[in-house]
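File shown: protein11.cif. Contents: mmCIF, C-alpha atoms.
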```cif
data_data
loop_
_atom_site.label_atom_id
_atom_site.label_comp_id
_atom_site.auth_asym_id
_atom_site.auth_seq_id
_atom_site.Cartn_x
_atom_site.Cartn_y
_atom_site.Cartn_z
CA MET A 1 -9.09 4.15 -4.76
CA THR A 2 -7.42 7.19 -3.23
CA ASP A 3 -3.64 7.33 -3.31
CA LYS A 4 -3.45 6.53 0.41
CA ASN A 5 -5.65 3.46 -0.08
CA VAL A 6 -3.45 2.23 -2.93
CA LEU A 7 -0.39 2.52 -0.70
CA ALA A 8 -2.11 0.81 2.23
CA ALA A 9 -3.23 -2.10 0.05
CA TYR A 10 0.11 -2.42 -1.70
CA ALA A 11 2.12 -2.30 1.53
CA THR A 12 -0.19 -4.95 3.01
CA ARG A 13 0.47 -7.22 0.05
CA LEU A 14 4.23 -6.78 0.39
CA GLY A 15 3.92 -7.45 4.11
CA ASP A 16 1.90 -10.61 3.43
CA ASN A 17 4.62 -12.08 1.22
CA ALA A 18 7.33 -11.31 3.78
CA LEU A 19 5.28 -12.57 6.71
CA ILE A 20 4.25 -15.87 5.14
CA ILE A 21 7.68 -16.80 3.77
CA GLY A 22 9.06 -15.85 7.21
CA GLN A 23 6.50 -18.06 8.94
CA ARG A 24 7.40 -21.02 6.71
CA MET A 25 11.08 -20.53 7.58
CA ILE A 26 10.26 -20.32 11.27
CA GLU A 27 8.72 -23.79 10.97
CA LEU A 28 12.22 -24.98 10.01
CA VAL A 29 13.86 -23.62 13.15
CA ALA A 30 15.57 -26.45 15.05
CA ALA A 31 15.20 -28.68 11.98
CA GLY A 32 18.17 -27.43 9.92
CA PRO A 33 20.42 -30.05 8.31
CA GLU A 34 23.53 -28.55 9.97
CA LEU A 35 24.30 -25.80 12.46
CA GLU A 36 25.37 -23.20 9.90
CA GLU A 37 22.16 -23.65 7.93
CA GLU A 38 20.14 -23.57 11.13
CA LEU A 39 21.56 -20.13 11.98
CA ALA A 40 21.19 -18.86 8.43
CA ASN A 41 17.57 -19.89 8.25
CA ALA A 42 16.66 -18.36 11.61
CA ASN A 43 18.46 -15.11 10.77
CA PHE A 44 16.77 -14.85 7.38
CA ALA A 45 13.34 -15.60 8.89
CA LEU A 46 13.95 -12.72 11.28
CA ASP A 47 14.73 -10.39 8.37
CA TYR A 48 11.45 -11.29 6.64
CA ILE A 49 9.39 -10.84 9.80
CA GLY A 50 11.12 -7.48 10.32
CA GLN A 51 10.22 -6.42 6.77
CA ALA A 52 6.63 -7.56 7.30
CA ARG A 53 6.42 -5.43 10.44
CA MET A 54 7.63 -2.34 8.59
CA PHE A 55 5.22 -2.88 5.68
CA PHE A 56 2.25 -3.52 7.99
CA SER A 57 3.01 -0.52 10.20
CA TYR A 58 3.18 1.63 7.09
CA ALA A 59 -0.07 0.11 5.74
CA GLY A 60 -1.76 0.95 9.04
CA GLU A 61 -0.45 4.50 8.86
CA CYS A 62 -1.71 5.02 5.28
CA GLU A 63 -5.05 3.42 6.07
CA GLY A 64 -5.53 5.69 9.07
CA ALA A 65 -8.00 3.39 10.82
CA GLY A 66 -5.78 2.67 13.81
CA ARG A 67 -4.76 -0.87 12.86
CA SER A 68 -1.39 -2.02 14.21
CA GLU A 69 1.14 -4.37 12.62
CA ASP A 70 -0.21 -7.14 14.86
CA ASP A 71 -3.78 -6.56 13.65
CA PHE A 72 -2.57 -7.11 10.10
CA ALA A 73 -0.51 -10.17 10.94
CA PHE A 74 -2.78 -12.00 13.34
CA LEU A 75 -6.37 -10.85 13.06
CA ARG A 76 -7.29 -11.10 9.40
CA PRO A 77 -9.17 -14.01 7.84
CA GLU A 78 -7.58 -16.16 5.15
CA HIS A 79 -9.16 -14.44 2.12
CA GLU A 80 -7.71 -11.05 3.12
CA TYR A 81 -4.12 -12.29 2.75
CA GLN A 82 -2.75 -11.46 -0.69
CA ASN A 83 0.59 -13.27 -0.64
CA LEU A 84 1.78 -15.32 -3.60
CA LEU A 85 0.82 -18.99 -3.54
CA LEU A 86 4.52 -19.83 -3.82
CA VAL A 87 5.43 -18.54 -0.35
CA GLU A 88 2.74 -20.56 1.43
CA GLN A 89 3.85 -23.89 -0.07
CA PRO A 90 4.95 -26.35 2.64
CA ASN A 91 8.63 -26.78 3.38
CA GLY A 92 8.70 -30.39 2.13
CA HIS A 93 12.30 -31.59 2.08
CA PHE A 94 15.29 -29.25 2.22
CA GLY A 95 15.56 -29.08 -1.58
CA ASP A 96 11.91 -27.99 -1.85
CA ALA A 97 12.51 -25.21 0.66
CA ILE A 98 15.65 -24.04 -1.18
CA VAL A 99 13.95 -23.97 -4.59
CA ARG A 100 11.05 -21.99 -3.12
CA GLN A 101 13.55 -19.49 -1.68
CA VAL A 102 15.44 -19.09 -4.97
CA LEU A 103 12.27 -18.58 -7.02
CA PHE A 104 10.79 -16.14 -4.51
CA ASP A 105 13.94 -14.21 -3.55
CA SER A 106 14.93 -13.60 -7.17
CA TRP A 107 11.47 -12.14 -7.86
CA TYR A 108 11.29 -10.22 -4.58
CA LEU A 109 14.74 -8.67 -5.03
CA ALA A 110 13.93 -7.51 -8.57
CA LEU A 111 10.63 -6.05 -7.31
CA LEU A 112 12.25 -4.29 -4.34
CA GLU A 113 14.93 -2.77 -6.57
CA VAL A 114 12.23 -1.13 -8.68
CA LEU A 115 10.36 -0.04 -5.55
CA THR A 116 13.44 1.78 -4.24
CA ARG A 117 12.83 4.17 -7.17
CA CYS A 118 9.06 4.53 -6.74
CA SER A 119 7.68 7.95 -5.91
CA ASP A 120 6.37 7.11 -2.44
CA GLU A 121 9.01 7.60 0.21
CA GLY A 122 7.39 5.26 2.74
CA ILE A 123 7.61 2.29 0.39
CA SER A 124 10.96 3.20 -1.17
CA ASP A 125 12.64 3.55 2.26
CA ILE A 126 11.51 0.10 3.41
CA ALA A 127 12.48 -1.38 0.01
CA ALA A 128 15.99 0.09 0.26
CA ARG A 129 16.48 -1.50 3.68
CA ALA A 130 15.01 -4.84 2.58
CA CYS A 131 17.05 -5.01 -0.67
CA LYS A 132 20.29 -5.32 1.23
CA GLU A 133 18.96 -8.29 3.16
CA VAL A 134 17.27 -10.10 0.30
CA ARG A 135 20.35 -9.81 -1.91
CA TYR A 136 22.25 -11.72 0.77
CA HIS A 137 19.46 -14.31 1.13
CA LEU A 138 19.43 -14.93 -2.62
CA ARG A 139 23.17 -15.44 -2.69
CA HIS A 140 22.80 -18.05 0.03
CA SER A 141 19.84 -19.94 -1.48
CA SER A 142 21.46 -19.88 -4.96
CA GLN A 143 24.65 -21.40 -3.55
CA TRP A 144 22.60 -24.21 -2.04
CA LEU A 145 20.76 -24.80 -5.30
CA VAL A 146 24.11 -25.19 -7.07
CA ARG A 147 25.40 -27.53 -4.35
CA LEU A 148 22.31 -29.73 -4.56
CA GLY A 149 21.84 -29.62 -8.33
CA ASP A 150 25.51 -30.17 -9.08
CA GLY A 151 25.86 -32.64 -6.19
CA THR A 152 25.04 -36.34 -6.23
CA ASP A 153 22.66 -38.08 -8.64
CA GLU A 154 20.18 -38.31 -5.78
CA SER A 155 20.31 -34.61 -4.82
CA HIS A 156 20.21 -33.59 -8.49
CA ALA A 157 17.10 -35.65 -9.19
CA ARG A 158 15.30 -34.51 -6.07
CA VAL A 159 15.97 -30.81 -6.52
CA GLN A 160 15.01 -31.02 -10.22
CA GLN A 161 11.70 -32.51 -9.06
CA SER A 162 11.29 -29.62 -6.55
CA LEU A 163 11.84 -27.15 -9.37
CA ASN A 164 9.31 -28.91 -11.62
CA ASP A 165 6.75 -29.04 -8.79
CA LEU A 166 7.05 -25.40 -7.73
CA TRP A 167 7.30 -23.87 -11.21
CA LYS A 168 3.52 -23.64 -11.60
CA PHE A 169 3.43 -21.09 -8.77
CA THR A 170 5.69 -18.61 -10.56
CA GLY A 171 3.17 -17.48 -13.18
CA GLU A 172 1.11 -15.19 -10.95
CA MET A 173 4.19 -13.21 -9.94
CA PHE A 174 4.03 -11.48 -13.32
CA VAL A 175 0.29 -11.07 -13.91
CA PRO A 176 -0.64 -7.53 -12.90
CA ASP A 177 -4.04 -6.86 -11.33
CA ASP A 178 -5.78 -3.51 -10.67
CA LEU A 179 -3.65 -2.77 -7.64
CA ASP A 180 -0.39 -3.40 -9.53
CA ASP A 181 -1.63 -1.09 -12.30
CA GLU A 182 -2.58 1.67 -9.87
CA MET A 183 0.72 1.39 -8.03
CA ARG A 184 2.49 1.67 -11.36
CA SER A 185 0.55 4.65 -12.70
CA ALA A 186 0.30 6.63 -9.45
CA PHE A 187 3.69 5.89 -7.89
CA ASN A 188 5.95 4.67 -10.65
CA GLY A 189 5.68 1.12 -9.31
CA PRO A 190 7.00 -2.06 -10.97
CA HIS A 191 6.13 -3.07 -14.51
CA LEU A 192 5.64 -6.80 -13.97
CA GLU A 193 6.12 -7.84 -17.60
CA VAL A 194 9.52 -6.13 -17.66
CA LEU A 195 10.36 -7.74 -14.33
CA GLU A 196 9.58 -11.16 -15.81
CA THR A 197 12.29 -10.81 -18.47
CA GLN A 198 14.88 -9.99 -15.84
CA TRP A 199 13.68 -12.72 -13.47
CA ARG A 200 13.77 -15.37 -16.20
CA ALA A 201 17.34 -14.45 -17.10
CA ASP A 202 18.43 -14.45 -13.44
CA VAL A 203 16.78 -17.78 -12.65
CA ALA A 204 18.00 -19.38 -15.90
CA ALA A 205 21.59 -18.48 -14.97
CA ILE A 206 21.32 -20.02 -11.48
CA VAL A 207 19.54 -23.10 -12.77
CA ALA A 208 22.17 -23.60 -15.49
CA GLU A 209 24.99 -23.32 -12.96
CA ALA A 210 23.20 -25.91 -10.85
CA THR A 211 23.19 -28.21 -13.96
CA LEU A 212 19.39 -28.33 -13.77
CA ASP A 213 16.80 -27.85 -16.51
CA LEU A 214 14.29 -25.01 -16.51
CA PRO A 215 10.82 -26.57 -16.52
CA ASP A 216 8.74 -26.26 -19.70
CA ASP A 217 6.01 -23.66 -19.91
CA GLN A 218 2.93 -25.14 -18.32
CA TRP A 219 -0.40 -24.39 -16.66
CA MET A 220 0.12 -21.81 -13.94
CA ALA A 221 -1.75 -21.66 -10.63
CA SER A 222 -3.00 -18.25 -9.52
CA GLY A 223 -5.25 -16.62 -6.96
CA GLY A 224 -2.91 -15.58 -4.15
CA LYS A 225 -3.20 -11.87 -4.92
CA GLN A 226 -6.99 -12.24 -4.94
CA GLY A 227 -7.04 -14.03 -1.60
CA ARG A 228 -7.75 -17.50 -3.04
CA HIS A 229 -5.18 -19.74 -1.43
CA THR A 230 -4.00 -23.33 -1.66
CA GLU A 231 -5.21 -25.88 0.89
CA HIS A 232 -1.99 -25.51 2.92
CA PHE A 233 -2.66 -21.91 3.88
CA GLY A 234 -5.41 -22.47 6.44
CA PHE A 235 -3.14 -24.74 8.46
CA LEU A 236 -0.33 -22.19 8.38
CA LEU A 237 -2.66 -19.42 9.60
CA ALA A 238 -4.17 -21.62 12.28
CA GLU A 239 -0.76 -22.16 13.84
CA MET A 240 0.41 -18.58 13.35
CA GLN A 241 -2.74 -16.92 14.70
CA ILE A 242 -3.74 -19.24 17.54
CA MET A 243 -2.47 -17.05 20.39
CA GLN A 244 -4.19 -13.87 19.24
CA ARG A 245 -7.36 -15.75 18.30
CA THR A 246 -7.52 -17.47 21.68
CA PHE A 247 -6.39 -14.55 23.84
CA PRO A 248 -7.08 -11.37 21.83
CA GLY A 249 -4.62 -8.60 22.68
CA ALA A 250 -2.29 -10.95 24.58
CA THR A 251 1.19 -9.51 25.14
CA TRP A 252 4.35 -10.77 26.82
CA MET B 1 7.04 25.50 35.12
CA VAL B 2 9.75 26.69 32.81
CA GLU B 3 10.64 24.18 30.11
CA THR B 4 14.30 23.36 29.89
CA ILE B 5 15.73 23.76 26.43
CA TYR B 6 18.52 21.26 25.94
CA LYS B 7 21.41 21.55 23.57
CA PRO B 8 21.70 18.66 21.06
CA GLU B 9 25.40 18.30 22.04
CA GLN B 10 24.34 17.63 25.63
CA ILE B 11 21.82 15.00 24.55
CA LEU B 12 24.40 13.32 22.30
CA GLU B 13 26.83 13.15 25.19
CA TRP B 14 24.22 11.41 27.34
CA LEU B 15 23.40 9.05 24.50
CA SER B 16 27.03 7.98 24.33
CA ASP B 17 26.37 6.11 27.61
CA VAL B 18 23.71 3.92 25.99
CA ALA B 19 25.12 0.49 25.18
CA ASP B 20 24.03 -1.83 22.38
CA PRO B 21 22.15 -4.69 24.10
CA GLU B 22 23.79 -7.39 21.94
CA ILE B 23 27.34 -6.04 21.86
CA PRO B 24 27.54 -4.15 25.14
CA VAL B 25 31.05 -2.77 24.53
CA LEU B 26 29.60 -0.61 21.78
CA THR B 27 27.47 2.41 22.47
CA ILE B 28 24.76 3.48 20.08
CA MET B 29 27.00 6.42 19.11
CA ASP B 30 29.81 3.99 18.16
CA LEU B 31 27.34 2.04 16.04
CA GLY B 32 26.32 5.17 14.18
CA ILE B 33 22.59 4.59 14.51
CA VAL B 34 21.77 7.98 16.07
CA ARG B 35 20.89 10.06 13.00
CA ASP B 36 19.63 13.28 14.54
CA VAL B 37 18.66 15.02 17.77
CA GLU B 38 16.13 17.84 17.80
CA CYS B 39 15.49 19.96 20.87
CA ASN B 40 12.33 22.02 20.75
CA GLY B 41 10.72 21.94 24.17
CA GLY B 42 10.85 18.15 24.05
CA VAL B 43 13.63 16.04 22.63
CA THR B 44 13.29 13.97 19.45
CA VAL B 45 15.95 11.36 18.77
CA SER B 46 16.10 9.84 15.28
CA LEU B 47 17.42 6.28 15.15
CA THR B 48 18.12 3.97 12.20
CA PRO B 49 17.59 0.24 12.77
CA THR B 50 20.52 -1.97 11.79
CA TYR B 51 18.64 -4.96 10.33
CA SER B 52 14.86 -5.07 9.63
CA GLY B 53 14.26 -7.82 12.12
CA CYS B 54 16.90 -6.78 14.63
CA PRO B 55 15.46 -7.76 18.02
CA ALA B 56 17.56 -5.04 19.63
CA THR B 57 15.67 -2.19 17.93
CA GLU B 58 12.95 -1.90 20.58
CA ALA B 59 15.41 -2.48 23.41
CA ILE B 60 17.61 0.34 22.12
CA GLU B 61 14.67 2.71 21.83
CA ALA B 62 13.64 1.90 25.39
CA SER B 63 17.20 2.47 26.68
CA VAL B 64 17.40 5.85 24.94
CA VAL B 65 14.18 6.96 26.60
CA ALA B 66 15.37 5.60 29.97
CA ALA B 67 18.78 7.30 29.71
CA LEU B 68 17.23 10.70 28.99
CA GLU B 69 14.48 10.34 31.60
CA GLU B 70 17.15 9.60 34.17
CA ARG B 71 18.61 13.02 33.41
CA GLY B 72 15.23 14.63 33.89
CA VAL B 73 14.35 15.14 30.23
CA ALA B 74 10.60 15.23 29.71
CA LYS B 75 8.71 14.79 26.43
CA ILE B 76 11.07 12.40 24.67
CA SER B 77 10.09 10.98 21.34
CA ILE B 78 11.86 8.50 19.11
CA ARG B 79 11.70 8.68 15.35
CA ARG B 80 12.65 5.64 13.27
CA VAL B 81 14.50 6.65 10.11
CA LEU B 82 14.80 3.92 7.48
CA ALA B 83 16.60 5.78 4.69
CA PRO B 84 19.42 5.92 4.03
CA ALA B 85 19.71 2.35 5.28
CA TRP B 86 22.30 1.70 7.98
CA THR B 87 25.67 0.43 6.85
CA THR B 88 28.63 -0.88 8.82
CA ASP B 89 30.59 2.09 7.36
CA TRP B 90 28.86 4.19 10.02
CA ILE B 91 30.56 2.36 12.86
CA SER B 92 33.05 4.87 14.28
CA GLN B 93 36.80 4.33 14.34
CA GLU B 94 36.59 4.11 18.13
CA GLY B 95 33.78 1.56 17.80
CA ARG B 96 35.88 -0.58 15.48
CA GLU B 97 38.75 -0.55 17.95
CA LYS B 98 36.40 -1.49 20.83
CA LEU B 99 35.10 -4.41 18.78
CA ARG B 100 38.61 -5.67 18.13
CA VAL B 101 39.60 -5.46 21.81
CA TYR B 102 36.38 -7.27 22.72
CA GLY B 103 37.37 -10.13 20.38
CA ILE B 104 35.14 -9.38 17.38
CA ALA B 105 36.91 -8.59 14.11
CA PRO B 106 35.53 -5.28 12.77
CA PRO B 107 33.97 -5.12 9.28
CA GLN B 108 36.44 -5.10 6.39
CA ARG B 109 36.24 -4.23 2.72
CA ARG B 110 35.61 -7.43 0.79
CA ASP B 111 39.03 -7.45 -0.85
CA ARG B 112 40.89 -7.25 2.47
CA PRO B 113 41.74 -10.21 4.71
CA ILE B 114 39.90 -10.68 8.00
CA ILE B 115 42.41 -10.06 10.80
CA CYS B 116 42.40 -12.21 13.93
CA PRO B 117 41.45 -9.90 16.81
CA ARG B 118 43.69 -11.84 19.22
CA CYS B 119 47.01 -12.24 17.40
CA ASP B 120 46.61 -9.86 14.40
CA SER B 121 47.32 -12.64 11.92
CA SER B 122 45.68 -12.35 8.51
CA ASN B 123 45.87 -16.12 8.13
CA THR B 124 42.24 -16.80 9.03
CA GLU B 125 39.45 -18.95 7.60
CA LEU B 126 35.68 -18.78 7.42
CA VAL B 127 33.93 -21.38 9.58
CA SER B 128 30.35 -20.27 8.99
CA GLU B 129 28.81 -17.27 7.26
CA PHE B 130 26.36 -17.13 10.16
CA GLY B 131 26.87 -16.60 13.84
CA SER B 132 25.19 -15.84 17.13
CA THR B 133 23.46 -12.75 15.72
CA ALA B 134 22.41 -11.71 12.21
CA CYS B 135 25.31 -9.27 11.95
CA LYS B 136 28.17 -11.72 12.62
CA ALA B 137 29.99 -14.58 10.89
CA SER B 138 32.22 -17.21 12.53
CA TYR B 139 35.95 -17.38 11.74
CA ARG B 140 39.01 -19.26 12.97
CA CYS B 141 42.60 -18.09 13.14
CA VAL B 142 44.92 -20.60 11.47
CA ASP B 143 47.97 -19.27 13.41
CA CYS B 144 46.75 -18.98 17.01
CA LEU B 145 43.90 -21.48 16.40
CA GLU B 146 41.37 -19.34 18.26
CA PRO B 147 37.83 -19.13 16.92
CA PHE B 148 36.43 -15.61 16.71
CA GLU B 149 33.47 -13.66 15.40
CA TYR B 150 33.55 -11.25 12.49
CA PHE B 151 31.18 -8.32 12.21
CA LYS B 152 29.93 -8.65 8.64
CA CYS B 153 30.24 -5.80 6.19
CA LEU B 154 26.78 -4.50 5.30
#
```

What does the file become when written as structure tokens?
Amino acid sequence: MTDKNVLAAYATRLGDNALIIGQRMIELVAAGPELEEELANANFALDYIGQARMFFSYAGECEGAGRSEDDFAFLRPEHEYQNLLLVEQPNGHFGDAIVRQVLFDSWYLALLEVLTRCSDEGISDIAARACKEVRYHLRHSSQWLVRLGDGTDESHARVQQSLNDLWKFTGEMFVPDDLDDEMRSAFNGPHLEVLETQWRADVAAIVAEATLDLPDDQWMASGGKQGRHTEHFGFLLAEMQIMQRTFPGATW
Amino acid sequence: MVETIYKPEQILEWLSDVADPEIPVLTIMDLGIVRDVECNGGVTVSLTPTYSGCPATEAIEASVVAALEERGVAKISIRRVLAPAWTTDWISQEGREKLRVYGIAPPQRRDRPIICPRCDSSNTELVSEFGSTACKASYRCVDCLEPFEYFKCL
């Protein structure tokens, strides 16, 4: 791949993660357990969608084929999305959604921090902007994890179950593929094995404060980065893309 | 036709009439999001978005173009500058005062108390870390009992 193609593909992948986690949070709008959480969720979803727009616009620019942010978001088939399986998992109950946020945000923040020091200015500028937001999101989701884990017997048991259920989606965050390797060698991108050490320590600290147990090592699901998704993803895309699929180019 | 060459100072003065769509007492100059103005035949204005998903970004860009077109400027282009990322430290002293008068407590260093914009009491409490827009939190004054918004430090 040429350098520009590496950047286009990598920015698309970053955009996919931000877009899909944002879309899942949008599904929660008007379903928050209290007003404060409702506002937090909607504001955070907006941050992720904003980051996705910046990454997709940059991907389109590097690709040079005239694709817009909307083309990336709404007009690609399922197998072209390279987001992590974790971010497409359904919202479930509130504890499930919070655990998903903690596991993802702690990884995403560590990744973005490395990307602020990568040698491509396009990516590092967006990462610097996004870091500030994701740091705030992680603080919020961690506080909720502590409240639920260190709450009642019921909330503790349920959020421990969420953690056990979602753990199998964390493995692929640290398995580099060709694109990760090229990003690392050509642009001083993240070293995923190093990131894993930091992520494990960060998550272990939050989980311990929440009086929860880290799940045992287990079989890990993978395939998101290769475009092989879980059964939930088609439904998510169907809802997200319906307007542009039905009325291509529609604007309002 | 002879092209008018504008002075950046002139453009900046015109831009100080452009209000923020979400907090209309602030202009975009008060907010500190105008990073640069270049005049070379056309006019290029560099703007930094506040938050990634800020819905006001496009509205602000459109108002900048409209404000300059109104003054007869042709060939206007907008450049989005992401780095360095915007921080509330760039809000001008005048902007902070306008916020306070409007009823929004201006951003404070984390170790300082949030002052009630109505009665100046520092005896205030957090109601919600989130408010009507991504950039604000909700507070209440324990002395005058009025609820108010706080522009979060970013």

Next on the checklist: List as a list in words the residues having at least one atom at most 8 Å from position (9.2, -10.6, -13.7) as given in the file, counting only C-alpha atoms.
Outcome noted: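 Counting only C-alpha atoms, I find these residues within 8 Å of (9.2, -10.6, -13.7): Trp107, Ala110, Leu111, Met173, Phe174, Leu192, Glu193, Val194, Leu195, Glu196, Thr197, Gln198, Trp199 and Arg200 of chain A.
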
Checklist entry - Can you list, as a PyMOL selection string, every protein, DNA or RNA residue that comes within 9 Å of range 10-19 of chain A when you count only C-alpha atoms, leaving out same-chain residues fewer than 5 positions away? => result chain A and resi 5+24+45+47-60+72-73+81-84+87-88+123+179-180+183+225

Checklist entry - Got a sec to pull out which chain B residues are within 6 Å of chain A, counting all atoms listed in the file, and send them as a list of chain:residue names? => result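 The contacting residues on chain B are B:Ser52, B:Gly53, B:Leu82, B:Ala83, B:Ala85, B:Ser128, B:Phe130, B:Ala134.
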
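Checking B:Ile28, B:Ile5, B:Ile33, B:Leu126 one by one against Tyr51 in chain B, counting all atoms listed in the file, you find the shortest gap at B:Ile33.
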
Next on the checklist: Applying the PyMOL selection byres ((chain B and resi 79) around 12) to the file I just gave you, which residues come out? Please list them as number ranges by chain.
Outcome noted: B: 33-38, 43-49, 57-58, 61, 64-65, 76-78, 80-82

Next on the checklist: On this structure, the PyMOL selection byres ((chain B and resi 113-117) around 12) would catch which residues? List them as a VMD selection string, sorted by chain and number.
Outcome noted: chain B and resid 96 to 112 118 to 126 137 to 153

Output C-alpha atoms for every residue in the selection just made, as a short mmCIF file (atom, residue, chain, number, x, y, z; two decimals), keeping the file's coordinate frame.
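See selection.cif below for the written result:
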```cif
data_model
loop_
_atom_site.label_atom_id
_atom_site.label_comp_id
_atom_site.auth_asym_id
_atom_site.auth_seq_id
_atom_site.Cartn_x
_atom_site.Cartn_y
_atom_site.Cartn_z
CA ARG B 96 35.88 -0.58 15.48
CA GLU B 97 38.75 -0.55 17.95
CA LYS B 98 36.40 -1.49 20.83
CA LEU B 99 35.10 -4.41 18.78
CA ARG B 100 38.61 -5.67 18.13
CA VAL B 101 39.60 -5.46 21.81
CA TYR B 102 36.38 -7.27 22.72
CA GLY B 103 37.37 -10.13 20.38
CA ILE B 104 35.14 -9.38 17.38
CA ALA B 105 36.91 -8.59 14.11
CA PRO B 106 35.53 -5.28 12.77
CA PRO B 107 33.97 -5.12 9.28
CA GLN B 108 36.44 -5.10 6.39
CA ARG B 109 36.24 -4.23 2.72
CA ARG B 110 35.61 -7.43 0.79
CA ASP B 111 39.03 -7.45 -0.85
CA ARG B 112 40.89 -7.25 2.47
CA ARG B 118 43.69 -11.84 19.22
CA CYS B 119 47.01 -12.24 17.40
CA ASP B 120 46.61 -9.86 14.40
CA SER B 121 47.32 -12.64 11.92
CA SER B 122 45.68 -12.35 8.51
CA ASN B 123 45.87 -16.12 8.13
CA THR B 124 42.24 -16.80 9.03
CA GLU B 125 39.45 -18.95 7.60
CA LEU B 126 35.68 -18.78 7.42
CA ALA B 137 29.99 -14.58 10.89
CA SER B 138 32.22 -17.21 12.53
CA TYR B 139 35.95 -17.38 11.74
CA ARG B 140 39.01 -19.26 12.97
CA CYS B 141 42.60 -18.09 13.14
CA VAL B 142 44.92 -20.60 11.47
CA ASP B 143 47.97 -19.27 13.41
CA CYS B 144 46.75 -18.98 17.01
CA LEU B 145 43.90 -21.48 16.40
CA GLU B 146 41.37 -19.34 18.26
CA PRO B 147 37.83 -19.13 16.92
CA PHE B 148 36.43 -15.61 16.71
CA GLU B 149 33.47 -13.66 15.40
CA TYR B 150 33.55 -11.25 12.49
CA PHE B 151 31.18 -8.32 12.21
CA LYS B 152 29.93 -8.65 8.64
CA CYS B 153 30.24 -5.80 6.19
#
```

Item to check | Expansion of the PyMOL selection byres ((chain A and resi 99) around 9) into residues, as a count of residues only | outcome: 17

Next on the checklist: To one decimal place in Å, what is the distance between CA of His79 in chain A and CA of Trp167 in chain A?
Outcome noted: 23.2 Å

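CA of Met220 in chain A is positioned 4.5 Å from CA of Lys168 in chain A.
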
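A straight line drawn from CA of Val6 in chain A to CA of Ala238 in chain A is 28.3 Å long.
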
Kindly list the centre and edge lengths in Å, rounded to one decimal, for the axis-aligned box that covers all listed atoms of range 89-106 of chain B plus 4 Å on each of its six sides, as lines of an AutoDock Vina configuration file.
```
center_x = 34.2
center_y = -2.6
center_z = 15.0
size_x = 18.7
size_y = 23.0
size_z = 23.4
```

Checklist entry - Do you know which residues are at most 12 Å from Asn40 in chain B counting all atoms listed in the file, after dropping those on the same chain fewer than 6 positions away, and could you put them as a list in words? => result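 Listed by chain and then number, they are Glu3, Thr4, Ile5, Tyr6, Lys7, Pro8, Val73, Ala74, Lys75, Ile76 and Ser77 of chain B.
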
What's the 9 Å shell around Leu214 in chain A, counting all atoms listed in the file, without same-chain residues fewer than 5 positions away, as a PDB file with C-alpha atoms, in the coordinates of the input?
```pdb
ATOM      1  CA  GLN A 160      15.010 -31.020 -10.220  1.00  0.00           C
ATOM      2  CA  LEU A 163      11.840 -27.150  -9.370  1.00  0.00           C
ATOM      3  CA  ASN A 164       9.310 -28.910 -11.620  1.00  0.00           C
ATOM      4  CA  TRP A 167       7.300 -23.870 -11.210  1.00  0.00           C
ATOM      5  CA  VAL A 203      16.780 -17.780 -12.650  1.00  0.00           C
ATOM      6  CA  ALA A 204      18.000 -19.380 -15.900  1.00  0.00           C
ATOM      7  CA  VAL A 207      19.540 -23.100 -12.770  1.00  0.00           C
ATOM      8  CA  ALA A 208      22.170 -23.600 -15.490  1.00  0.00           C
TER       9      ALA A 208
END
```
